[in-house]
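Chemist: Hey, dropping entry_36.cif in here, mmCIF, C-alpha atoms and all ligand atoms:
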data_input
#
loop_
_atom_site.group_PDB
_atom_site.id
_atom_site.type_symbol
_atom_site.label_atom_id
_atom_site.label_comp_id
_atom_site.auth_asym_id
_atom_site.auth_seq_id
_atom_site.Cartn_x
_atom_site.Cartn_y
_atom_site.Cartn_z
ATOM 1 C CA MET A 268 5.176 24.569 5.964
ATOM 2 C CA ASP A 269 6.363 25.877 2.594
ATOM 3 C CA SER A 270 7.923 29.291 1.957
ATOM 4 C CA ASN A 271 4.411 30.832 1.646
ATOM 5 C CA GLY A 272 3.401 29.559 5.099
ATOM 6 C CA LYS A 273 1.062 26.888 3.669
ATOM 7 C CA LYS A 274 0.834 23.534 5.422
ATOM 8 C CA THR A 275 2.510 20.722 3.532
ATOM 9 C CA LYS A 276 2.496 16.950 3.610
ATOM 10 C CA ILE A 277 4.982 14.339 2.490
ATOM 11 C CA VAL A 278 3.772 12.233 -0.443
ATOM 12 C CA LYS A 279 5.459 8.850 -0.750
ATOM 13 C CA GLU A 280 5.746 7.373 -4.195
ATOM 14 C CA ILE A 281 7.073 4.149 -5.638
ATOM 15 C CA LYS A 282 8.002 4.570 -9.261
ATOM 16 C CA VAL A 283 7.754 1.375 -11.294
ATOM 17 C CA ASP A 284 9.898 0.867 -14.374
ATOM 18 C CA THR A 285 8.286 -2.190 -15.929
ATOM 19 C CA LYS A 286 11.112 -2.501 -18.461
ATOM 20 C CA LYS A 287 13.541 -3.218 -15.622
ATOM 21 C CA CYS A 288 11.330 -5.753 -13.857
ATOM 22 C CA VAL A 289 12.432 -9.351 -14.455
ATOM 23 C CA GLY A 290 9.711 -11.051 -12.434
ATOM 24 C CA CYS A 291 12.045 -12.349 -9.709
ATOM 25 C CA ARG A 292 9.373 -11.688 -7.047
ATOM 26 C CA ALA A 293 11.914 -10.632 -4.420
ATOM 27 C CA CYS A 294 9.599 -7.686 -3.715
ATOM 28 C CA GLU A 295 6.734 -10.051 -2.856
ATOM 29 C CA ILE A 296 8.965 -12.115 -0.565
ATOM 30 C CA ALA A 297 10.322 -9.041 1.247
ATOM 31 C CA CYS A 298 6.851 -7.566 1.708
ATOM 32 C CA SER A 299 5.372 -10.765 3.120
ATOM 33 C CA ALA A 300 8.326 -11.262 5.511
ATOM 34 C CA PHE A 301 8.131 -7.685 6.749
ATOM 35 C CA HIS A 302 4.410 -7.987 7.444
ATOM 36 C CA ALA A 303 4.602 -11.411 9.087
ATOM 37 C CA VAL A 304 3.698 -11.512 12.774
ATOM 38 C CA PRO A 305 6.212 -11.470 14.380
ATOM 39 C CA LYS A 306 8.178 -9.557 11.715
ATOM 40 C CA TYR A 307 10.347 -11.730 9.422
ATOM 41 C CA SER A 308 9.034 -14.933 11.070
ATOM 42 C CA SER A 309 7.695 -16.351 7.782
ATOM 43 C CA VAL A 310 7.523 -15.868 4.030
ATOM 44 C CA ASN A 311 4.295 -16.398 2.152
ATOM 45 C CA THR A 312 3.853 -14.399 -1.030
ATOM 46 C CA ALA A 313 0.080 -14.886 -0.797
ATOM 47 C CA ARG A 314 0.318 -12.440 2.114
ATOM 48 C CA SER A 315 2.292 -9.871 0.129
ATOM 49 C CA ARG A 316 0.895 -6.421 -0.536
ATOM 50 C CA ILE A 317 2.630 -6.334 -3.887
ATOM 51 C CA MET A 318 1.916 -8.761 -6.719
ATOM 52 C CA VAL A 319 3.883 -9.135 -9.918
ATOM 53 C CA VAL A 320 1.644 -9.723 -12.917
ATOM 54 C CA MET A 321 3.610 -11.797 -15.399
ATOM 55 C CA ASP A 322 3.463 -12.750 -19.026
ATOM 56 C CA GLU A 323 6.714 -14.590 -19.558
ATOM 57 C CA VAL A 324 6.095 -15.229 -23.251
ATOM 58 C CA ARG A 325 5.932 -11.501 -23.949
ATOM 59 C CA ASP A 326 8.503 -10.604 -21.316
ATOM 60 C CA ILE A 327 6.018 -8.450 -19.451
ATOM 61 C CA PHE A 328 6.275 -8.065 -15.681
ATOM 62 C CA VAL A 329 4.186 -5.490 -13.855
ATOM 63 C CA PRO A 330 4.402 -5.076 -10.086
ATOM 64 C CA ILE A 331 1.106 -3.870 -8.588
ATOM 65 C CA ARG A 332 0.794 -2.643 -5.000
ATOM 66 C CA ALA A 333 -2.388 -3.413 -3.084
ATOM 67 C CA GLY A 334 -4.824 -0.529 -2.897
ATOM 68 C CA ASP A 335 -8.113 -0.081 -1.100
ATOM 69 C CA TYR A 336 -10.625 -2.750 -0.189
ATOM 70 C CA THR A 337 -13.805 -2.649 -2.213
ATOM 71 C CA GLN A 338 -17.031 -4.278 -1.041
ATOM 72 C CA ALA A 339 -18.342 -4.963 -4.534
ATOM 73 C CA GLU A 340 -17.018 -5.511 -8.032
ATOM 74 C CA CYS A 341 -16.833 -2.296 -10.010
ATOM 75 C CA ASN A 342 -18.853 -1.559 -13.151
ATOM 76 C CA GLY A 343 -16.326 0.543 -15.054
ATOM 77 C CA ARG A 344 -13.207 -1.427 -15.898
ATOM 78 C CA ASN A 345 -10.033 -1.000 -17.914
ATOM 79 C CA VAL A 346 -8.905 -3.354 -20.621
ATOM 80 C CA TYR A 347 -5.218 -3.109 -21.496
ATOM 81 C CA VAL A 348 -3.721 -4.192 -24.788
ATOM 82 C CA ILE A 349 0.046 -4.607 -24.533
ATOM 83 C CA ASP A 350 2.124 -5.886 -27.448
ATOM 84 C CA GLY A 351 -1.047 -7.110 -29.109
ATOM 85 C CA LYS A 352 -2.307 -9.111 -26.124
ATOM 86 C CA GLU A 353 -5.503 -8.088 -24.375
ATOM 87 C CA TYR A 354 -5.365 -8.384 -20.594
ATOM 88 C CA ASN A 355 -8.348 -9.228 -18.440
ATOM 89 C CA GLU A 356 -10.108 -6.194 -16.983
ATOM 90 C CA CYS A 357 -9.010 -6.967 -13.444
ATOM 91 C CA THR A 358 -5.369 -7.831 -14.238
ATOM 92 C CA PHE A 359 -3.736 -4.548 -13.248
ATOM 93 C CA CYS A 360 -6.293 -3.472 -10.653
ATOM 94 C CA PRO A 361 -4.856 -2.823 -7.181
ATOM 95 C CA ALA A 362 -8.124 -3.401 -5.292
ATOM 96 C CA SER A 363 -8.808 -6.092 -2.749
ATOM 97 C CA CYS A 364 -12.108 -7.088 -4.320
ATOM 98 C CA PRO A 365 -14.680 -9.904 -3.893
ATOM 99 C CA SER A 366 -14.131 -10.929 -7.519
ATOM 100 C CA ARG A 367 -10.751 -12.559 -6.834
ATOM 101 C CA ASP A 368 -8.284 -13.876 -4.229
ATOM 102 C CA ALA A 369 -5.574 -11.273 -4.806
ATOM 103 C CA PHE A 370 -4.664 -9.038 -1.881
ATOM 104 C CA LYS A 371 -6.463 -11.059 0.727
ATOM 105 C CA GLU A 372 -4.958 -12.652 3.792
ATOM 106 C CA PRO A 373 -5.137 -16.364 2.809
ATOM 107 C CA ASP A 374 -6.329 -17.693 6.196
ATOM 108 C CA SER A 375 -8.790 -15.023 7.274
ATOM 109 C CA GLY A 376 -9.724 -13.539 3.876
ATOM 110 C CA LEU A 377 -9.170 -10.064 5.328
ATOM 111 C CA PRO A 378 -8.066 -7.439 2.802
ATOM 112 C CA LEU A 379 -4.403 -6.506 2.485
ATOM 113 C CA LYS A 380 -3.325 -2.992 1.628
ATOM 114 C CA CYS A 381 0.101 -1.520 0.996
ATOM 115 C CA ASP A 382 1.016 0.649 3.993
ATOM 116 C CA MET A 383 4.297 1.860 2.492
ATOM 117 C CA CYS A 384 6.012 -0.207 5.220
ATOM 118 C CA GLU A 385 5.332 2.475 7.786
ATOM 119 C CA SER A 386 6.967 1.427 10.997
ATOM 120 C CA VAL A 387 8.745 2.701 14.078
ATOM 121 C CA PRO A 388 11.574 3.462 13.608
ATOM 122 C CA PRO A 389 10.858 4.332 9.953
ATOM 123 C CA LEU A 390 12.624 2.469 7.181
ATOM 124 C CA GLU A 391 14.875 4.376 4.828
ATOM 125 C CA LYS A 392 12.824 2.943 1.960
ATOM 126 C CA PRO A 393 10.041 0.370 1.679
ATOM 127 C CA MET A 394 11.021 -3.302 1.780
ATOM 128 C CA CYS A 395 9.948 -4.053 -1.786
ATOM 129 C CA VAL A 396 12.115 -1.226 -3.122
ATOM 130 C CA ASP A 397 15.050 -2.340 -1.027
ATOM 131 C CA ALA A 398 14.684 -5.916 -2.265
ATOM 132 C CA CYS A 399 14.514 -4.954 -5.920
ATOM 133 C CA THR A 400 18.115 -5.172 -7.044
ATOM 134 C CA PHE A 401 17.115 -4.650 -10.674
ATOM 135 C CA GLY A 402 16.123 -1.031 -10.126
ATOM 136 C CA ALA A 403 12.526 -1.556 -11.239
ATOM 137 C CA LEU A 404 11.202 0.105 -8.080
ATOM 138 C CA THR A 405 12.353 3.534 -6.959
ATOM 139 C CA TYR A 406 11.237 5.297 -3.812
ATOM 140 C CA VAL A 407 10.554 9.028 -3.965
ATOM 141 C CA GLU A 408 9.346 11.388 -1.237
ATOM 142 C CA ARG A 409 8.074 14.837 -2.140
ATOM 143 C CA GLU A 410 6.473 17.699 -0.298
ATOM 144 C CA GLU A 411 3.039 18.850 -1.412
ATOM 145 C CA VAL A 412 0.780 21.667 -0.212
ATOM 146 C CA LYS A 413 -2.189 20.272 1.715
ATOM 147 C CA ALA A 414 -5.657 20.878 0.315
ATOM 148 C CA GLU A 415 -7.865 23.069 2.537
ATOM 149 C CA GLU A 416 -10.357 20.215 2.989
ATOM 150 C CA GLU A 417 -7.596 17.858 4.044
ATOM 151 C CA GLU A 418 -6.435 20.296 6.719
ATOM 152 C CA VAL A 419 -9.965 20.534 8.097
ATOM 153 C CA LYS A 420 -10.193 16.719 8.177
ATOM 154 C CA GLN A 421 -6.884 16.463 9.972
ATOM 155 C CA ARG A 422 -7.968 19.024 12.578
ATOM 156 C CA GLU A 423 -11.148 16.975 13.123
ATOM 157 C CA VAL A 424 -9.138 13.777 13.574
ATOM 158 C CA GLU A 425 -6.767 15.532 15.972
ATOM 159 C CA SER A 426 -9.570 16.893 18.125
ATOM 160 C CA ALA A 427 -11.296 13.465 18.164
ATOM 161 C CA TYR A 428 -7.996 11.915 19.272
ATOM 162 C CA GLU A 429 -7.513 14.548 22.012
ATOM 163 C CA PHE A 430 -11.064 13.920 23.229
ATOM 164 C CA LEU A 431 -10.475 10.141 23.419
ATOM 165 C CA VAL A 432 -7.151 10.559 25.229
ATOM 166 C CA LYS A 433 -8.781 12.902 27.764
ATOM 167 C CA LYS A 434 -11.607 10.442 28.361
ATOM 168 C CA HIS A 435 -9.802 7.062 28.307
ATOM 169 C CA GLY A 436 -6.102 7.832 28.739
ATOM 170 C CA LYS A 437 -3.381 7.645 26.092
ATOM 171 C CA LYS A 438 -2.407 4.036 26.812
ATOM 172 C CA ASN A 439 -5.950 2.673 26.376
ATOM 173 C CA VAL A 440 -6.417 4.614 23.144
ATOM 174 C CA MET A 441 -3.058 3.481 21.705
ATOM 175 C CA ASP A 442 -3.725 -0.156 22.715
ATOM 176 C CA THR A 443 -7.101 -0.040 20.959
ATOM 177 C CA PHE A 444 -5.601 1.497 17.806
ATOM 178 C CA SER A 445 -2.916 -1.141 17.739
ATOM 179 C CA ARG A 446 -5.519 -3.963 18.119
ATOM 180 C CA MET A 447 -7.599 -2.455 15.309
ATOM 181 C CA ALA A 448 -4.561 -2.087 13.028
ATOM 182 C CA LYS A 449 -3.768 -5.792 13.438
ATOM 183 C CA LYS A 450 -7.271 -6.663 12.267
ATOM 184 C CA GLU A 451 -6.906 -4.604 9.044
HETATM 185 S S1 LIG B 1 11.971 -7.362 -7.105
HETATM 186 FE FE1 LIG B 1 12.023 -5.849 -8.756
HETATM 187 S S2 LIG B 1 12.612 -7.031 -10.554
HETATM 188 FE FE2 LIG B 1 11.959 -8.512 -9.025
HETATM 189 S S3 LIG B 1 9.780 -8.843 -9.474
HETATM 190 FE FE3 LIG B 1 9.899 -7.244 -7.932
HETATM 191 S S4 LIG B 1 9.883 -5.342 -9.090
HETATM 192 FE FE4 LIG B 1 10.381 -6.953 -10.527
HETATM 193 S S1 LIG B 2 -10.675 -6.458 -9.261
HETATM 194 FE FE1 LIG B 2 -10.716 -4.275 -9.681
HETATM 195 S S2 LIG B 2 -11.342 -4.096 -11.818
HETATM 196 FE FE2 LIG B 2 -11.876 -6.151 -11.137
HETATM 197 S S3 LIG B 2 -14.004 -5.987 -10.448
HETATM 198 FE FE3 LIG B 2 -12.696 -5.701 -8.661
HETATM 199 S S4 LIG B 2 -12.434 -3.495 -8.472
HETATM 200 FE FE4 LIG B 2 -13.189 -3.918 -10.565
HETATM 201 S S1 LIG B 3 5.702 -0.535 0.235
HETATM 202 FE FE1 LIG B 3 5.868 -2.082 1.839
HETATM 203 S S2 LIG B 3 3.746 -2.713 2.164
HETATM 204 FE FE2 LIG B 3 3.799 -1.681 0.222
HETATM 205 S S3 LIG B 3 4.107 -3.290 -1.269
HETATM 206 FE FE3 LIG B 3 6.113 -2.486 -0.784
HETATM 207 S S4 LIG B 3 6.853 -3.824 0.834
HETATM 208 FE FE4 LIG B 3 4.663 -4.139 0.693
#
Would you mind giving the structure from this file in structure tokens?
Ligand code: SF4
Ligand code: SF4
Ligand code: SF4
Modeler:
Amino acid sequence: MDSNGKKTKIVKEIKVDTKKCVGCRACEIACSAFHAVPKYSSVNTARSRIMVVMDEVRDIFVPIRAGDYTQAECNGRNVYVIDGKEYNECTFCPASCPSRDAFKEPDSGLPLKCDMCESVPPLEKPMCVDACTFGALTYVEREEVKAEEEEVKQREVESAYEFLVKKHGKKNVMDTFSRMAKKE
């Protein structure tokens, strides 16, 4: 709650300073190790939820975190021109999309999405930020007032959860959620 009694939420942000990025890919390594099953059991940057787009000739390195899965290629795209070079429309897109291999689990093809390294117990900062010793990634948490609609949605989710727990028991519900999360 804020001082006016409005419900708030914590927004997690990773600020990217592309000028400080050197393309070392430590962020990709840390992300893939953290999300390996079991945790830290392997490193495979193809499984990372962050990808560093590189143009070494122009000294351009842009870390992109994986966003939502999309079932189809989009129609409206962005073309970036940086230092006179035009980048392909999909280059800086965070989507896990049928048009390319990026942000897909290499064995199963399932989409990968950045989850901000949410875990229990919580990390002080996400793995990619922690691994970036060049200061290109900075983690920021801020409090924001929740939109009315969002509050309604959350109440709906909470009552659906309470209903399921009443019907099937907390353990069964949590086990099912955990199985589903592994499939994501
Ligand atoms: S760890 Fe930092 S400097 Fe290295 S590639 Fe990732 S963002 Fe860039
Ligand atoms: S990768 Fe992104 S920009 Fe390219 S088609 Fe897919 S959604 Fe569109
Ligand atoms: S916040 Fe965590 S999940 Fe997201 S890209 Fe960074 S290391 Fe990967």
Chemist: With only C-alpha atoms and all ligand atoms counted, collect every polymer residue having an atom within 9 Å of ligand LIG 2 (chain B); state the result as a PyMOL selection string.
Modeler: chain A and resi 336-345+355-367+369
Chemist: Please list as a ChimeraX atom specification every residue within 7 Å of stretch 275-288 of chain A, counting all atoms listed in the file and excluding residues in the same chain fewer than 2 positions away.
Modeler: /A:268-269,273,290,328-329,401-413
Chemist: Could you write those residues out with C-alpha atoms, as a tab-separated table (two decimals), keeping the file's coordinate frame?
Modeler:
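Output contents, as saved in out27.tsv:
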chain	number	residue	atom	x	y	z
A	268	MET	CA	5.18	24.57	5.96
A	269	ASP	CA	6.36	25.88	2.59
A	273	LYS	CA	1.06	26.89	3.67
A	290	GLY	CA	9.71	-11.05	-12.43
A	328	PHE	CA	6.28	-8.06	-15.68
A	329	VAL	CA	4.19	-5.49	-13.86
A	401	PHE	CA	17.11	-4.65	-10.67
A	402	GLY	CA	16.12	-1.03	-10.13
A	403	ALA	CA	12.53	-1.56	-11.24
A	404	LEU	CA	11.20	0.10	-8.08
A	405	THR	CA	12.35	3.53	-6.96
A	406	TYR	CA	11.24	5.30	-3.81
A	407	VAL	CA	10.55	9.03	-3.96
A	408	GLU	CA	9.35	11.39	-1.24
A	409	ARG	CA	8.07	14.84	-2.14
A	410	GLU	CA	6.47	17.70	-0.30
A	411	GLU	CA	3.04	18.85	-1.41
A	412	VAL	CA	0.78	21.67	-0.21
A	413	LYS	CA	-2.19	20.27	1.72
Chemist: Do you know which residues are within 10 Å of ligand LIG 3 (chain B) using all atoms listed in the file? Can you write them as a ChimeraX atom specification?
Modeler: /A:279-281,293-302,314-318,330-334,379-386,390,392-398,404,406
Chemist: For the atom pair atom CA of A:Glu423 and atom CA of A:Lys274, what is the interatomic distance in Å to one decimal place?
Modeler: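 For atom CA of A:Glu423 relative to atom CA of A:Lys274, the distance reads 15.7 Å.
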Chemist: Please compute the atom CA of A:Thr400-atom CA of A:Val289 distance, one decimal, in Å.
Modeler: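 Pair atom CA of A:Thr400 / atom CA of A:Val289 returns 10.2 Å.
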Chemist: Could you name the residues that touch A:Tyr428 at 12 Å or less, counting only C-alpha atoms, but leaving out those on the same chain fewer than 5 positions away, as a list in words?
Modeler: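 Once the nearby chain positions are removed, what remains is Gln421, Arg422, Glu423, Lys433, Lys434, His435, Gly436, Lys437, Asn439, Val440, Met441 and Phe444 of chain A.
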Chemist: Output C-alpha atoms for every residue in that selection, as a CSV table (one decimal), in the frame of the given file.
Modeler:
chain,number,residue,atom,x,y,z
A,421,GLN,CA,-6.9,16.5,10.0
A,422,ARG,CA,-8.0,19.0,12.6
A,423,GLU,CA,-11.1,17.0,13.1
A,433,LYS,CA,-8.8,12.9,27.8
A,434,LYS,CA,-11.6,10.4,28.4
A,435,HIS,CA,-9.8,7.1,28.3
A,436,GLY,CA,-6.1,7.8,28.7
A,437,LYS,CA,-3.4,7.6,26.1
A,439,ASN,CA,-6.0,2.7,26.4
A,440,VAL,CA,-6.4,4.6,23.1
A,441,MET,CA,-3.1,3.5,21.7
A,444,PHE,CA,-5.6,1.5,17.8
Chemist: Ranking A:Ala303, A:Met447, A:Ile327, A:Leu377 by minimum distance to ligand LIG 1 (chain B) and counting all atoms listed in the file, which one comes first?
Modeler: A:Ile327
Chemist: Any chance you could resolve the PyMOL selection byres (((chain A and resi 350) around 12) and not hetatm) against this file and give the residues as number ranges by chain?
Modeler: A: 322, 324-327, 347-349, 351-354
Chemist: In Å, with one decimal, what is the gap from atom CA of A:Pro378 to atom CA of A:Cys291?
Modeler: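 Spanning atom CA of A:Pro378 to atom CA of A:Cys291 is a straight-line distance of 24.2 Å.
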Chemist: Box along x, y and z, 6 Å on every side, all listed atoms of ligand LIG 1 (chain B) inside: centre and edge lengths in Å to one decimal, as AutoDock Vina command-line options.
Modeler:
--center_x 11.2 --center_y -7.1 --center_z -8.8 --size_x 14.8 --size_y 15.5 --size_z 15.4
Chemist: Nearest to ligand LIG 1 (chain B): which of A:Val419, A:Leu431, A:Val320, A:Ala313 is it, counting all atoms listed in the file?
Modeler: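 Checking each candidate against ligand LIG 1 (chain B), we get A:Val320 as the closest.
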